[in-house]
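Student: This is the content of my_file-v4.pdb (PDB, C-alpha atoms, pLDDT in the B column):
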ATOM      1  CA  MET A   1       8.842  -1.622  -8.187  1.00 61.00           C
ATOM      2  CA  ALA A   2       5.730  -1.735 -10.300  1.00 69.00           C
ATOM      3  CA  ILE A   3       2.776   0.334  -9.213  1.00 80.00           C
ATOM      4  CA  LEU A   4      -0.077  -1.861  -8.028  1.00 85.00           C
ATOM      5  CA  ARG A   5      -3.604  -1.283  -9.199  1.00 85.00           C
ATOM      6  CA  SER A   6      -6.753  -1.780  -7.132  1.00 85.00           C
ATOM      7  CA  LYS A   7      -7.659  -5.071  -8.846  1.00 88.00           C
ATOM      8  CA  GLN A   8      -4.241  -6.502  -8.063  1.00 90.00           C
ATOM      9  CA  ILE A   9      -4.423  -5.333  -4.456  1.00 89.00           C
ATOM     10  CA  LYS A  10      -7.889  -6.795  -3.875  1.00 87.00           C
ATOM     11  CA  ALA A  11      -6.624 -10.199  -5.012  1.00 90.00           C
ATOM     12  CA  MET A  12      -3.755 -10.181  -2.459  1.00 90.00           C
ATOM     13  CA  PRO A  13      -3.862 -11.906   0.906  1.00 91.00           C
ATOM     14  CA  GLU A  14      -3.415  -9.646   3.945  1.00 89.00           C
ATOM     15  CA  LYS A  15       0.123 -10.872   4.714  1.00 92.00           C
ATOM     16  CA  GLU A  16       1.281 -10.020   1.208  1.00 94.00           C
ATOM     17  CA  MET A  17      -0.232  -6.527   1.564  1.00 93.00           C
ATOM     18  CA  GLU A  18       1.813  -5.957   4.723  1.00 94.00           C
ATOM     19  CA  LYS A  19       4.969  -7.125   2.944  1.00 95.00           C
ATOM     20  CA  LYS A  20       4.343  -4.801  -0.026  1.00 95.00           C
ATOM     21  CA  ILE A  21       3.706  -1.843   2.292  1.00 94.00           C
ATOM     22  CA  GLN A  22       7.069  -2.405   3.986  1.00 96.00           C
ATOM     23  CA  GLU A  23       8.860  -2.767   0.633  1.00 95.00           C
ATOM     24  CA  LEU A  24       7.304   0.418  -0.734  1.00 94.00           C
ATOM     25  CA  ARG A  25       8.159   2.388   2.403  1.00 94.00           C
ATOM     26  CA  MET A  26      11.789   1.299   2.109  1.00 94.00           C
ATOM     27  CA  GLU A  27      11.831   2.245  -1.569  1.00 92.00           C
ATOM     28  CA  MET A  28      10.318   5.638  -0.786  1.00 90.00           C
ATOM     29  CA  MET A  29      12.947   6.322   1.896  1.00 88.00           C
ATOM     30  CA  LYS A  30      15.676   5.606  -0.662  1.00 87.00           C
ATOM     31  CA  GLU A  31      13.959   7.791  -3.269  1.00 84.00           C
ATOM     32  CA  VAL A  32      13.315  10.912  -1.160  1.00 79.00           C
ATOM     33  CA  LYS A  33      16.170  13.400  -1.009  1.00 76.00           C
ATOM     34  CA  PRO A  34      16.222  16.298   1.461  1.00 76.00           C
ATOM     35  CA  GLY A  35      15.674  19.721  -0.061  1.00 74.00           C
ATOM     36  CA  GLN A  36      13.914  18.443  -3.161  1.00 76.00           C
ATOM     37  CA  GLY A  37      10.236  18.349  -3.914  1.00 72.00           C
ATOM     38  CA  ALA A  38       8.432  15.069  -4.258  1.00 75.00           C
ATOM     39  CA  SER A  39       9.184  13.389  -7.568  1.00 84.00           C
ATOM     40  CA  ILE A  40       6.533  11.680  -9.668  1.00 86.00           C
ATOM     41  CA  LYS A  41       7.873   8.288  -8.569  1.00 87.00           C
ATOM     42  CA  THR A  42       7.587   9.278  -4.889  1.00 89.00           C
ATOM     43  CA  LYS A  43       4.005  10.424  -5.404  1.00 89.00           C
ATOM     44  CA  GLU A  44       3.096   7.127  -7.074  1.00 92.00           C
ATOM     45  CA  ILE A  45       4.681   5.168  -4.242  1.00 92.00           C
ATOM     46  CA  LYS A  46       2.667   7.171  -1.697  1.00 92.00           C
ATOM     47  CA  ARG A  47      -0.545   6.533  -3.630  1.00 93.00           C
ATOM     48  CA  THR A  48       0.173   2.811  -3.806  1.00 94.00           C
ATOM     49  CA  ILE A  49       0.856   2.679  -0.065  1.00 95.00           C
ATOM     50  CA  ALA A  50      -2.436   4.485   0.538  1.00 94.00           C
ATOM     51  CA  ARG A  51      -4.279   1.998  -1.691  1.00 94.00           C
ATOM     52  CA  LEU A  52      -2.736  -0.923   0.190  1.00 95.00           C
ATOM     53  CA  LEU A  53      -3.571   0.539   3.604  1.00 94.00           C
ATOM     54  CA  THR A  54      -7.148   1.222   2.543  1.00 93.00           C
ATOM     55  CA  ALA A  55      -7.581  -2.294   1.162  1.00 93.00           C
ATOM     56  CA  LYS A  56      -6.057  -3.761   4.324  1.00 91.00           C
ATOM     57  CA  ARG A  57      -8.458  -1.760   6.498  1.00 91.00           C
ATOM     58  CA  ASN A  58     -11.426  -2.847   4.352  1.00 87.00           C
ATOM     59  CA  PHE A  59     -10.240  -6.453   4.550  1.00 81.00           C
ATOM     60  CA  ALA A  60     -10.139  -6.237   8.361  1.00 79.00           C
ATOM     61  CA  ASN A  61     -13.566  -4.551   8.535  1.00 80.00           C
ATOM     62  CA  ASN A  62     -15.126  -7.207   6.300  1.00 78.00           C
ATOM     63  CA  ALA A  63     -13.629  -9.981   8.409  1.00 74.00           C
ATOM     64  CA  GLN A  64     -15.018  -8.378  11.539  1.00 72.00           C
ATOM     65  CA  ILE A  65     -18.491  -8.012  10.016  1.00 76.00           C
ATOM     66  CA  LYS A  66     -18.485 -11.676   8.939  1.00 75.00           C
ATOM     67  CA  SER A  67     -17.443 -12.827  12.413  1.00 78.00           C
ATOM     68  CA  ASN A  68     -20.304 -10.870  14.027  1.00 74.00           C
ATOM     69  CA  LYS A  69     -22.950 -12.617  11.906  1.00 66.00           C
TER      70      LYS A  69
END
Show the structure stored in the file as structure tokens.

Tutor:
Amino acid sequence: MAILRSKQIKAMPEKEMEKKIQELRMEMMKEVKPGQGASIKTKEIKRTIARLLTAKRNFANNAQIKSNK
């Protein structure tokens, strides 16, 4: 799976973010092997998941702020 950049993530709807997070977690589970250190691909997957989770949280916070106004 291609690594997603911040610009691409910001353009995604929230449902698509959730779908990508699930796909990346499944890919990471397949990639990780017991007894081995984290590979470069695993590290990139973790970073992409973190970017998606952060963007999702920011999306939710912005929606909450707009609803309070």

Student: Run the PyMOL selection byres ((chain A and resi 21) around 12) against the file shown and list the residues it catches, as number ranges by chain.

Tutor: A: 1, 3-4, 9, 14-20, 22-28, 45-56

Student: Residues of the last selection are to be written out with C-alpha atoms, as a PDB file, in the frame of the given file.

Tutor:
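Saved file out_23.pdb follows:
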ATOM      1  CA  MET A   1       8.842  -1.622  -8.187  1.00 61.00           C
ATOM      2  CA  ILE A   3       2.776   0.334  -9.213  1.00 80.00           C
ATOM      3  CA  LEU A   4      -0.077  -1.861  -8.028  1.00 85.00           C
ATOM      4  CA  ILE A   9      -4.423  -5.333  -4.456  1.00 89.00           C
ATOM      5  CA  GLU A  14      -3.415  -9.646   3.945  1.00 89.00           C
ATOM      6  CA  LYS A  15       0.123 -10.872   4.714  1.00 92.00           C
ATOM      7  CA  GLU A  16       1.281 -10.020   1.208  1.00 94.00           C
ATOM      8  CA  MET A  17      -0.232  -6.527   1.564  1.00 93.00           C
ATOM      9  CA  GLU A  18       1.813  -5.957   4.723  1.00 94.00           C
ATOM     10  CA  LYS A  19       4.969  -7.125   2.944  1.00 95.00           C
ATOM     11  CA  LYS A  20       4.343  -4.801  -0.026  1.00 95.00           C
ATOM     12  CA  GLN A  22       7.069  -2.405   3.986  1.00 96.00           C
ATOM     13  CA  GLU A  23       8.860  -2.767   0.633  1.00 95.00           C
ATOM     14  CA  LEU A  24       7.304   0.418  -0.734  1.00 94.00           C
ATOM     15  CA  ARG A  25       8.159   2.388   2.403  1.00 94.00           C
ATOM     16  CA  MET A  26      11.789   1.299   2.109  1.00 94.00           C
ATOM     17  CA  GLU A  27      11.831   2.245  -1.569  1.00 92.00           C
ATOM     18  CA  MET A  28      10.318   5.638  -0.786  1.00 90.00           C
ATOM     19  CA  ILE A  45       4.681   5.168  -4.242  1.00 92.00           C
ATOM     20  CA  LYS A  46       2.667   7.171  -1.697  1.00 92.00           C
ATOM     21  CA  ARG A  47      -0.545   6.533  -3.630  1.00 93.00           C
ATOM     22  CA  THR A  48       0.173   2.811  -3.806  1.00 94.00           C
ATOM     23  CA  ILE A  49       0.856   2.679  -0.065  1.00 95.00           C
ATOM     24  CA  ALA A  50      -2.436   4.485   0.538  1.00 94.00           C
ATOM     25  CA  ARG A  51      -4.279   1.998  -1.691  1.00 94.00           C
ATOM     26  CA  LEU A  52      -2.736  -0.923   0.190  1.00 95.00           C
ATOM     27  CA  LEU A  53      -3.571   0.539   3.604  1.00 94.00           C
ATOM     28  CA  THR A  54      -7.148   1.222   2.543  1.00 93.00           C
ATOM     29  CA  ALA A  55      -7.581  -2.294   1.162  1.00 93.00           C
ATOM     30  CA  LYS A  56      -6.057  -3.761   4.324  1.00 91.00           C
TER      31      LYS A  56
END

Student: What separation in Å, quoted to one decimal, exists between atom CA of A:Ile40 and atom CA of A:Ser6?

Tutor: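 Between these atoms lies a distance of 19.1 Å.
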
Student: Can you work out the spacing between atom CA of A:Gln8 and atom CA of A:Met29 in Å, to one decimal?

Tutor: 23.6 Å

Student: Between atom CA of A:Glu44 and atom CA of A:Lys10, what distance in Å does the model show, to one decimal?

Tutor: 18.0 Å

Student: Could you write stretch 2-20 of chain A of the block just shown to a file containing N, CA and C atoms, as a compact mmCIF listing (two decimals), in the first residue's frame?

Tutor:
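The file below, out18.txt, is the result:
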# COMPACT_ATOMS: atom_id res chain seq x y z
N ALA A 2 0.48 2.21 -0.73
CA ALA A 2 1.24 3.46 -0.81
C ALA A 2 1.14 4.22 0.51
N ILE A 3 2.21 4.88 0.85
CA ILE A 3 2.23 5.70 2.05
C ILE A 3 1.48 7.00 1.75
N LEU A 4 0.60 7.38 2.64
CA LEU A 4 -0.21 8.58 2.44
C LEU A 4 0.48 9.79 3.06
N ARG A 5 0.43 10.87 2.38
CA ARG A 5 1.00 12.12 2.87
C ARG A 5 -0.09 12.97 3.50
N SER A 6 0.31 13.96 4.26
CA SER A 6 -0.64 14.79 5.01
C SER A 6 -1.66 15.47 4.10
N LYS A 7 -1.24 15.95 2.95
CA LYS A 7 -2.17 16.61 2.02
C LYS A 7 -3.24 15.65 1.55
N GLN A 8 -2.85 14.41 1.27
CA GLN A 8 -3.81 13.41 0.83
C GLN A 8 -4.79 13.06 1.95
N ILE A 9 -4.27 12.98 3.16
CA ILE A 9 -5.10 12.61 4.30
C ILE A 9 -6.11 13.71 4.61
N LYS A 10 -5.68 14.97 4.54
CA LYS A 10 -6.58 16.08 4.84
C LYS A 10 -7.74 16.15 3.85
N ALA A 11 -7.53 15.66 2.65
CA ALA A 11 -8.58 15.71 1.62
C ALA A 11 -9.58 14.55 1.75
N MET A 12 -9.29 13.58 2.62
CA MET A 12 -10.16 12.40 2.78
C MET A 12 -11.35 12.68 3.69
N PRO A 13 -12.47 12.06 3.39
CA PRO A 13 -13.59 12.10 4.34
C PRO A 13 -13.28 11.17 5.53
N GLU A 14 -13.97 11.37 6.63
CA GLU A 14 -13.68 10.62 7.86
C GLU A 14 -13.88 9.11 7.69
N LYS A 15 -14.89 8.71 6.95
CA LYS A 15 -15.15 7.28 6.74
C LYS A 15 -14.01 6.61 5.99
N GLU A 16 -13.45 7.31 5.03
CA GLU A 16 -12.33 6.76 4.27
C GLU A 16 -11.09 6.64 5.15
N MET A 17 -10.91 7.60 6.07
CA MET A 17 -9.79 7.52 7.01
C MET A 17 -9.89 6.25 7.86
N GLU A 18 -11.09 5.98 8.36
CA GLU A 18 -11.30 4.78 9.18
C GLU A 18 -10.98 3.52 8.39
N LYS A 19 -11.40 3.48 7.14
CA LYS A 19 -11.15 2.33 6.27
C LYS A 19 -9.65 2.14 6.05
N LYS A 20 -8.94 3.23 5.79
CA LYS A 20 -7.49 3.15 5.56
C LYS A 20 -6.76 2.69 6.81
